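Text of structure36.cif, listed as mmCIF, C-alpha atoms (C1' of nucleotides):
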data_target
loop_
_atom_site.label_atom_id
_atom_site.label_comp_id
_atom_site.auth_asym_id
_atom_site.auth_seq_id
_atom_site.Cartn_x
_atom_site.Cartn_y
_atom_site.Cartn_z
CA MET B 4 25.32 -18.02 20.36
CA SER B 5 24.25 -14.76 18.86
CA LEU B 6 22.50 -14.88 15.52
CA ARG B 7 22.04 -11.76 13.44
CA LEU B 8 19.75 -12.04 10.43
CA THR B 9 19.08 -9.29 7.88
CA THR B 10 16.25 -9.29 5.33
CA TRP B 11 16.30 -6.94 2.36
CA ASN B 12 14.39 -6.47 -0.86
CA ILE B 13 17.47 -5.46 -2.82
CA ASN B 14 15.66 -4.80 -6.13
CA SER B 15 18.35 -6.39 -8.33
CA VAL B 16 21.30 -8.04 -6.62
CA ARG B 17 23.54 -7.43 -9.63
CA LEU B 18 22.87 -3.70 -9.74
CA ARG B 19 23.31 -3.31 -5.98
CA ILE B 20 26.03 -5.81 -5.18
CA ASN B 21 28.19 -2.96 -3.85
CA LEU B 22 25.40 -1.82 -1.54
CA ALA B 23 25.13 -5.40 -0.31
CA THR B 24 28.82 -5.55 0.53
CA ALA B 25 28.60 -2.15 2.24
CA LEU B 26 25.69 -3.45 4.29
CA ILE B 27 27.70 -6.53 5.25
CA GLU B 28 30.73 -4.48 6.28
CA ARG B 29 28.51 -2.41 8.46
CA LEU B 30 26.18 -4.96 10.06
CA GLN B 31 28.05 -8.26 9.69
CA PRO B 32 24.88 -10.38 9.70
CA ASP B 33 25.25 -14.13 10.03
CA VAL B 34 22.40 -14.71 7.60
CA ILE B 35 21.14 -12.49 4.76
CA CYS B 36 17.75 -13.02 3.13
CA LEU B 37 17.31 -11.19 -0.16
CA GLN B 38 14.21 -10.62 -2.27
CA GLU B 39 13.78 -9.34 -5.82
CA THR B 40 17.23 -10.51 -6.81
CA LYS B 41 16.06 -10.45 -10.47
CA VAL B 42 18.68 -12.86 -11.70
CA PRO B 43 18.71 -16.46 -12.97
CA ASP B 44 20.65 -18.79 -10.67
CA PRO B 45 23.72 -19.31 -12.93
CA MET B 46 24.22 -15.52 -13.02
CA PHE B 47 23.78 -14.88 -9.27
CA PRO B 48 26.87 -13.04 -7.95
CA LEU B 49 27.84 -15.61 -5.32
CA LYS B 50 31.56 -14.77 -5.30
CA PRO B 51 31.35 -11.43 -3.47
CA PHE B 52 29.26 -13.10 -0.76
CA GLU B 53 31.57 -16.09 -0.50
CA LYS B 54 34.56 -13.77 -0.10
CA LEU B 55 32.80 -12.18 2.87
CA GLY B 56 32.19 -15.53 4.51
CA TYR B 57 28.73 -16.42 3.20
CA THR B 58 29.73 -19.83 1.93
CA HIS B 59 26.32 -21.43 2.46
CA HIS B 60 23.45 -20.43 0.23
CA VAL B 61 20.15 -21.35 -1.27
CA VAL B 62 19.20 -19.33 -4.31
CA ALA B 63 16.00 -19.30 -6.39
CA GLY B 64 15.97 -16.83 -9.22
CA GLN B 65 14.48 -16.18 -12.60
CA LYS B 66 15.05 -13.78 -15.44
CA GLY B 67 13.93 -10.22 -14.82
CA TYR B 68 11.48 -10.66 -11.95
CA HIS B 69 11.22 -11.90 -8.39
CA GLY B 70 14.02 -14.05 -7.02
CA VAL B 71 14.99 -14.89 -3.43
CA ALA B 72 18.19 -16.05 -1.74
CA ILE B 73 19.51 -16.98 1.69
CA LEU B 74 23.25 -16.37 2.15
CA SER B 75 24.73 -17.66 5.38
CA ARG B 76 27.89 -17.89 7.42
CA TRP B 77 26.21 -20.68 9.37
CA PRO B 78 26.03 -24.06 7.65
CA PHE B 79 22.70 -25.51 6.59
CA GLU B 80 21.29 -28.82 7.69
CA ALA B 81 18.86 -28.61 4.78
CA SER B 82 17.56 -26.14 2.25
CA GLU B 83 14.84 -26.04 -0.37
CA ARG B 84 13.08 -23.93 -2.96
CA ARG B 85 9.31 -24.12 -2.97
CA ASN B 86 6.80 -23.12 -5.65
CA TRP B 87 3.39 -21.64 -4.87
CA CYS B 88 0.02 -21.34 -6.61
CA GLY B 89 1.08 -23.72 -9.35
CA LYS B 90 3.57 -21.16 -10.69
CA GLU B 91 7.32 -21.31 -11.19
CA ASP B 92 7.75 -17.83 -9.63
CA ALA B 93 10.89 -17.67 -7.46
CA ARG B 94 9.23 -16.44 -4.29
CA HIS B 95 10.27 -18.71 -1.41
CA VAL B 96 13.33 -20.53 -0.17
CA HIS B 97 13.95 -21.99 3.23
CA ALA B 98 16.97 -23.33 5.05
CA THR B 99 17.53 -25.05 8.36
CA LEU B 100 20.59 -23.58 10.05
CA ARG B 101 23.04 -25.65 12.04
CA GLY B 102 21.41 -26.04 15.41
CA GLY B 103 17.98 -26.54 13.94
CA ILE B 104 16.68 -23.02 13.31
CA GLU B 105 14.45 -23.00 10.22
CA VAL B 106 14.51 -19.81 8.16
CA HIS B 107 11.81 -19.02 5.59
CA ASN B 108 12.41 -16.23 3.09
CA PHE B 109 9.36 -15.01 1.13
CA TYR B 110 8.65 -12.56 -1.63
CA ILE B 111 4.87 -12.38 -1.64
CA PRO B 112 3.22 -11.08 -4.85
CA ALA B 113 2.82 -7.30 -4.90
CA GLY B 114 -0.66 -7.66 -6.35
CA GLY B 115 -0.86 -4.99 -9.06
CA ASP B 116 -2.83 -1.77 -8.78
CA GLU B 117 -6.52 -2.66 -8.70
CA PRO B 118 -7.61 -4.19 -5.38
CA ASP B 119 -10.31 -6.33 -6.95
CA PRO B 120 -9.49 -10.01 -7.50
CA SER B 121 -12.28 -10.39 -10.09
CA VAL B 122 -10.67 -7.94 -12.50
CA ASN B 123 -7.03 -8.05 -11.38
CA GLU B 124 -5.43 -11.44 -11.69
CA LYS B 125 -2.33 -10.26 -9.81
CA PHE B 126 -4.38 -9.31 -6.78
CA ALA B 127 -6.18 -12.66 -6.97
CA HIS B 128 -2.77 -14.34 -7.06
CA LYS B 129 -1.63 -12.41 -3.99
CA LEU B 130 -4.71 -13.44 -2.00
CA MET B 131 -4.36 -17.05 -3.14
CA PHE B 132 -0.69 -17.03 -2.18
CA LEU B 133 -1.53 -15.84 1.34
CA ASP B 134 -4.24 -18.52 1.65
CA GLU B 135 -1.91 -21.24 0.41
CA ALA B 136 0.85 -20.19 2.81
CA THR B 137 -1.66 -20.22 5.67
CA ASP B 138 -2.76 -23.73 4.70
CA TRP B 139 0.85 -24.89 4.44
CA PHE B 140 1.87 -23.57 7.84
CA THR B 141 -1.34 -24.97 9.33
CA GLY B 142 -0.64 -28.39 7.88
CA ARG B 143 2.65 -30.03 7.09
CA CYS B 144 4.94 -27.18 8.10
CA ARG B 145 3.53 -26.15 11.44
CA PRO B 146 5.36 -23.24 13.06
CA ASP B 147 6.70 -25.04 16.08
CA GLY B 148 10.25 -25.35 17.26
CA ARG B 149 12.66 -22.60 16.39
CA MET B 150 11.57 -20.92 13.17
CA ILE B 151 12.00 -17.51 11.57
CA LEU B 152 9.91 -16.16 8.69
CA VAL B 153 11.13 -13.05 6.90
CA GLY B 154 10.74 -11.22 3.66
CA ASP B 155 8.90 -8.72 1.58
CA LEU B 156 5.37 -9.76 2.44
CA ASN B 157 3.97 -6.80 0.48
CA VAL B 158 1.33 -6.10 3.12
CA ALA B 159 1.46 -3.29 5.69
CA PRO B 160 -0.98 -4.73 8.21
CA SER B 161 -1.67 -2.04 10.76
CA GLU B 162 -2.63 1.61 10.60
CA PHE B 163 0.77 2.30 12.19
CA ASP B 164 2.52 0.52 9.32
CA VAL B 165 1.47 3.14 6.76
CA TRP B 166 1.79 6.90 6.49
CA SER B 167 -1.98 7.30 6.14
CA HIS B 168 -4.40 4.53 7.02
CA LYS B 169 -7.30 6.48 5.53
CA GLN B 170 -5.62 7.20 2.23
CA LEU B 171 -4.32 3.67 1.77
CA LEU B 172 -7.43 1.70 2.73
CA ASN B 173 -8.16 1.06 -0.92
CA VAL B 174 -4.53 0.84 -2.03
CA VAL B 175 -3.03 -2.59 -2.64
CA SER B 176 -0.76 -3.48 0.34
CA HIS B 177 -3.13 -2.11 2.99
CA THR B 178 -6.65 -3.22 1.97
CA PRO B 179 -8.73 -4.99 4.65
CA VAL B 180 -8.81 -8.28 2.73
CA GLU B 181 -5.01 -8.46 2.50
CA VAL B 182 -4.59 -7.47 6.12
CA GLU B 183 -7.07 -10.16 7.14
CA LYS B 184 -5.19 -12.81 5.16
CA LEU B 185 -1.76 -11.74 6.40
CA THR B 186 -3.13 -11.82 9.95
CA ALA B 187 -4.43 -15.34 9.34
CA LEU B 188 -0.94 -16.34 8.21
CA LEU B 189 0.61 -14.73 11.30
CA LYS B 190 -1.87 -16.59 13.49
CA THR B 191 -0.69 -19.98 12.24
CA GLY B 192 1.88 -19.55 15.02
CA TRP B 193 4.12 -16.52 14.58
CA ILE B 194 5.14 -13.46 16.56
CA ASP B 195 5.80 -10.13 14.84
CA ALA B 196 9.37 -9.63 16.12
CA ILE B 197 9.64 -6.02 14.96
CA ARG B 198 6.58 -4.97 16.95
CA GLU B 199 7.97 -6.72 20.05
CA PHE B 200 10.53 -3.92 20.21
CA HIS B 201 8.53 -1.10 18.62
CA PRO B 202 4.92 -1.57 19.77
CA GLU B 203 2.07 0.46 18.34
CA PRO B 204 1.41 3.32 18.04
CA GLU B 205 4.98 3.86 16.85
CA LYS B 206 5.00 4.31 13.08
CA LEU B 207 7.33 1.93 11.25
CA TYR B 208 8.15 1.83 7.54
CA SER B 209 10.54 -0.30 5.50
CA TRP B 210 9.63 0.94 2.00
CA TRP B 211 9.34 4.34 0.42
CA SER B 212 8.22 4.78 -3.20
CA TYR B 213 10.68 5.86 -5.86
CA ARG B 214 7.99 8.24 -7.07
CA ALA B 215 8.24 10.72 -4.24
CA LYS B 216 10.32 13.78 -4.98
CA ASP B 217 11.94 13.53 -1.56
CA TRP B 218 11.24 10.27 0.27
CA ARG B 219 12.50 11.61 3.59
CA GLU B 220 10.59 14.88 3.37
CA SER B 221 7.26 13.35 2.31
CA ASN B 222 7.86 10.18 4.41
CA ARG B 223 4.99 8.31 2.79
CA GLY B 224 6.29 4.92 3.81
CA ARG B 225 4.83 1.50 4.40
CA ARG B 226 6.05 -1.46 6.49
CA LEU B 227 6.09 -4.22 3.88
CA ASP B 228 9.11 -6.15 5.15
CA HIS B 229 8.67 -8.39 8.14
CA ILE B 230 10.46 -10.62 10.61
CA TRP B 231 8.37 -13.22 12.41
CA VAL B 232 9.51 -15.84 14.87
CA THR B 233 7.87 -18.78 16.61
CA PRO B 234 7.05 -18.51 20.34
CA GLU B 235 9.97 -20.81 21.10
CA LEU B 236 12.32 -18.04 19.90
CA LYS B 237 10.55 -15.19 21.67
CA SER B 238 12.83 -15.24 24.70
CA SER B 239 15.83 -15.35 22.35
CA LEU B 240 14.97 -12.01 20.73
CA ARG B 241 17.43 -9.26 21.61
CA SER B 242 16.80 -6.39 19.18
CA VAL B 243 15.55 -5.40 15.76
CA HIS B 244 16.71 -2.59 13.53
CA ILE B 245 15.25 -0.95 10.44
CA LEU B 246 18.06 0.73 8.51
CA ASP B 247 16.07 3.77 7.32
CA GLU B 248 19.17 5.57 6.17
CA ALA B 249 19.74 2.92 3.48
CA ARG B 250 16.88 4.52 1.57
CA GLY B 251 19.15 7.53 1.17
CA TRP B 252 22.09 5.57 -0.23
CA GLU B 253 23.14 6.33 -3.78
CA ARG B 254 21.05 4.24 -6.18
CA ALA B 255 19.06 2.89 -3.23
CA SER B 256 16.55 0.08 -3.30
CA ASP B 257 13.03 1.28 -2.50
CA HIS B 258 13.12 -1.13 0.48
CA VAL B 259 15.57 -0.90 3.40
CA PRO B 260 17.28 -3.76 5.26
CA VAL B 261 15.66 -5.00 8.46
CA THR B 262 17.76 -6.87 11.01
CA VAL B 263 17.03 -9.05 14.02
CA ASP B 264 19.44 -10.14 16.74
CA LEU B 265 18.82 -13.30 18.70
CA GLU B 266 20.68 -15.17 21.39
CA VAL B 267 20.08 -18.82 20.58
"C1'" DA F 10 -7.69 13.24 -9.06
"C1'" DT F 11 -3.51 12.35 -11.18
"C1'" DG F 12 1.18 11.35 -11.86
"C1'" DG F 13 5.11 10.66 -10.07
"C1'" DT F 14 10.34 6.52 -10.59
"C1'" DT F 15 13.11 2.47 -11.18
"C1'" DG F 16 14.82 -2.14 -13.14
"C1'" DT F 17 14.98 -5.44 -16.69
"C1'" DT F 18 15.30 -5.57 -21.22
"C1'" DT F 19 14.92 -2.82 -25.25
"C1'" DA F 20 8.77 -1.44 -25.62
"C1'" DA F 21 6.54 -3.20 -22.26
"C1'" DC F 22 5.79 -4.75 -17.91
"C1'" DA F 23 6.31 -5.12 -12.94
"C1'" DA F 24 6.66 -2.80 -8.77
#
Once you've parsed the file, please lay out its structure as structure tokens.
Amino acid sequence: MSLRLTTWNINSVRLRINLATALIERLQPDVICLQETKVPDPMFPLKPFEKLGYTHHVVAGQKGYHGVAILSRWPFEASERRNWCGKEDARHVHATLRGGIEVHNFYIPAGGDEPDPSVNEKFAHKLMFLDEATDWFTGRCRPDGRMILVGDLNVAPSEFDVWSHKQLLNVVSHTPVEVEKLTALLKTGWIDAIREFHPEPEKLYSWWSYRAKDWRESNRGRRLDHIWVTPELKSSLRSVHILDEARGWERASDHVPVTVDLEV
DNA sequence: ATGGTTGTTTAACAA
């Protein structure tokens, strides 16, 4: 069976519900993983998704910030919300699809502006989150079997994942300590599916700041959104696609949807 | 070197 999964930091699911339906019409993913939904669960707009066939969902939201959701045309065998770092932040849900494929959807803390954990509590939280996730996937949730990890991981790990390695070395999202910790998480047993199809040195971005006058012209992007799979799914990978043009949509999110196709 | 924008919620914060 073919499985198409799209991950997207939508930056408010209520504001961009029409962009979500446009995306669905166009790509028809089987599974959609959203981040930064910014809505408490009772107010999540499930109806438009249900009408389009996404009758299975796991949603974890909160007022104003964060929020993740998995919306699926495939039934779930199980699903769960998980909290991290002793906080109630809605940053992770996971679901096991019919057939036993486990999907993890993360919204890793952005980390604030100052890349020093001793003065910036948000950056400390980000590093702790990455450590805790690494511990978790090393221990009771080992990445074996058929598993997919996606989301806004808020780290652009390689020099080819940012518009300027030099100019971003001390900018949160590309500092060596974050890259080291994201790499440790990857090495718990994952394969970077996007790079399987677009190996370095090809430049890849999934986010462009709202602050640029012309995002396309300046093209100061970063690859913050990721799709990882376990080795067991490597031979099932068929293609990946970063929908750059979505950054040019009216009232766009600052992130664009990223899609993977598998034959499972 | 700095400031630039957007979303939620309504002045301030997060990204």
Please list as a PDB file with C-alpha atoms (C1' of nucleotides), keeping the file's coordinate frame every residue within 10 Å of DG16 in chain F, counting only C-alpha atoms (C1' of nucleotides) and excluding residues in the same chain fewer than 6 positions away.
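Listed below is the output, result.pdb:
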ATOM      1  CA  ASN B  14      15.660  -4.800  -6.130  1.00  0.00           C
ATOM      2  CA  SER B  15      18.350  -6.390  -8.330  1.00  0.00           C
ATOM      3  CA  LEU B  18      22.870  -3.700  -9.740  1.00  0.00           C
ATOM      4  CA  LYS B  41      16.060 -10.450 -10.470  1.00  0.00           C
ATOM      5  CA  GLY B  67      13.930 -10.220 -14.820  1.00  0.00           C
ATOM      6  CA  TYR B  68      11.480 -10.660 -11.950  1.00  0.00           C
TER       7      TYR B  68
ATOM      8  C1'  DA F  23       6.310  -5.120 -12.940  1.00  0.00           C
ATOM      9  C1'  DA F  24       6.660  -2.800  -8.770  1.00  0.00           C
TER      10       DA F  24
END
Could you write out as a PDB file with C-alpha atoms (C1' of nucleotides), in the coordinates of the input the residues that the PyMOL selection byres ((chain F) within 6 of (chain B)) matches in the shown file?
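Okay, this is what ended up in out-v4.pdb:
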ATOM      1  C1'  DG F  13       5.110  10.660 -10.070  1.00  0.00           C
ATOM      2  C1'  DT F  14      10.340   6.520 -10.590  1.00  0.00           C
ATOM      3  C1'  DT F  17      14.980  -5.440 -16.690  1.00  0.00           C
TER       4       DT F  17
END
Tell me which residues the PyMOL selection byres ((chain B and resi 259) around 8) grabs here, as an mmCIF file with C-alpha atoms, in the coordinates of the input.
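Just written: result.cif:
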data_model
loop_
_atom_site.group_PDB
_atom_site.id
_atom_site.type_symbol
_atom_site.label_atom_id
_atom_site.label_comp_id
_atom_site.auth_asym_id
_atom_site.auth_seq_id
_atom_site.Cartn_x
_atom_site.Cartn_y
_atom_site.Cartn_z
ATOM 1 C CA TRP B 11 16.300 -6.940 2.360
ATOM 2 C CA ASN B 12 14.390 -6.470 -0.860
ATOM 3 C CA ILE B 13 17.470 -5.460 -2.820
ATOM 4 C CA SER B 209 10.540 -0.300 5.500
ATOM 5 C CA TRP B 210 9.630 0.940 2.000
ATOM 6 C CA ILE B 245 15.250 -0.950 10.440
ATOM 7 C CA LEU B 246 18.060 0.730 8.510
ATOM 8 C CA ASP B 247 16.070 3.770 7.320
ATOM 9 C CA GLU B 248 19.170 5.570 6.170
ATOM 10 C CA ALA B 249 19.740 2.920 3.480
ATOM 11 C CA ARG B 250 16.880 4.520 1.570
ATOM 12 C CA SER B 256 16.550 0.080 -3.300
ATOM 13 C CA ASP B 257 13.030 1.280 -2.500
ATOM 14 C CA HIS B 258 13.120 -1.130 0.480
ATOM 15 C CA PRO B 260 17.280 -3.760 5.260
ATOM 16 C CA VAL B 261 15.660 -5.000 8.460
#
Long-range neighbours of range 139-152 of chain B as number ranges by chain, 9 Å cut-off, only C-alpha atoms (C1' of nucleotides), 4 positions minimum in chain:
B: 97, 99, 103-109, 134-135, 188, 191-193, 229-236
Kindly resolve the PyMOL selection byres ((chain B and resi 128) around 12) on the present coordinates and return the residues as a PDB file with C-alpha atoms, in the frame of the given file.
ATOM      1  CA  TRP B  87       3.390 -21.640  -4.870  1.00  0.00           C
ATOM      2  CA  CYS B  88       0.020 -21.340  -6.610  1.00  0.00           C
ATOM      3  CA  GLY B  89       1.080 -23.720  -9.350  1.00  0.00           C
ATOM      4  CA  LYS B  90       3.570 -21.160 -10.690  1.00  0.00           C
ATOM      5  CA  ASP B  92       7.750 -17.830  -9.630  1.00  0.00           C
ATOM      6  CA  ILE B 111       4.870 -12.380  -1.640  1.00  0.00           C
ATOM      7  CA  PRO B 112       3.220 -11.080  -4.850  1.00  0.00           C
ATOM      8  CA  ALA B 113       2.820  -7.300  -4.900  1.00  0.00           C
ATOM      9  CA  GLY B 114      -0.660  -7.660  -6.350  1.00  0.00           C
ATOM     10  CA  GLY B 115      -0.860  -4.990  -9.060  1.00  0.00           C
ATOM     11  CA  PRO B 118      -7.610  -4.190  -5.380  1.00  0.00           C
ATOM     12  CA  ASP B 119     -10.310  -6.330  -6.950  1.00  0.00           C
ATOM     13  CA  PRO B 120      -9.490 -10.010  -7.500  1.00  0.00           C
ATOM     14  CA  SER B 121     -12.280 -10.390 -10.090  1.00  0.00           C
ATOM     15  CA  VAL B 122     -10.670  -7.940 -12.500  1.00  0.00           C
ATOM     16  CA  ASN B 123      -7.030  -8.050 -11.380  1.00  0.00           C
ATOM     17  CA  GLU B 124      -5.430 -11.440 -11.690  1.00  0.00           C
ATOM     18  CA  LYS B 125      -2.330 -10.260  -9.810  1.00  0.00           C
ATOM     19  CA  PHE B 126      -4.380  -9.310  -6.780  1.00  0.00           C
ATOM     20  CA  ALA B 127      -6.180 -12.660  -6.970  1.00  0.00           C
ATOM     21  CA  LYS B 129      -1.630 -12.410  -3.990  1.00  0.00           C
ATOM     22  CA  LEU B 130      -4.710 -13.440  -2.000  1.00  0.00           C
ATOM     23  CA  MET B 131      -4.360 -17.050  -3.140  1.00  0.00           C
ATOM     24  CA  PHE B 132      -0.690 -17.030  -2.180  1.00  0.00           C
ATOM     25  CA  LEU B 133      -1.530 -15.840   1.340  1.00  0.00           C
ATOM     26  CA  ASP B 134      -4.240 -18.520   1.650  1.00  0.00           C
ATOM     27  CA  GLU B 135      -1.910 -21.240   0.410  1.00  0.00           C
ATOM     28  CA  GLU B 181      -5.010  -8.460   2.500  1.00  0.00           C
TER      29      GLU B 181
END
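Distance-wise, CA of Arg17 in chain B and CA of Arg94 in chain B end up 17.7 Å apart.
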Practice item. To one decimal in Å, tell me the separation between CA of Pro202 in chain B and CA of Leu240 in chain B. Key: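 Going from CA of Pro202 in chain B over to CA of Leu240 in chain B covers 14.5 Å.
You will find CA of Val175 in chain B at 19.0 Å from CA of Lys206 in chain B.
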Would you list the contacts of range 28-39 of chain B as a VMD selection string, taking every protein, DNA or RNA residue within 9 Å and counting only C-alpha atoms (C1' of nucleotides), but skipping same-chain residues closer than 4 positions in sequence? chain B and resid 5 to 16 23 to 24 55 to 57 64 68 to 77 93 to 94 107 to 110 153 to 155 262 264
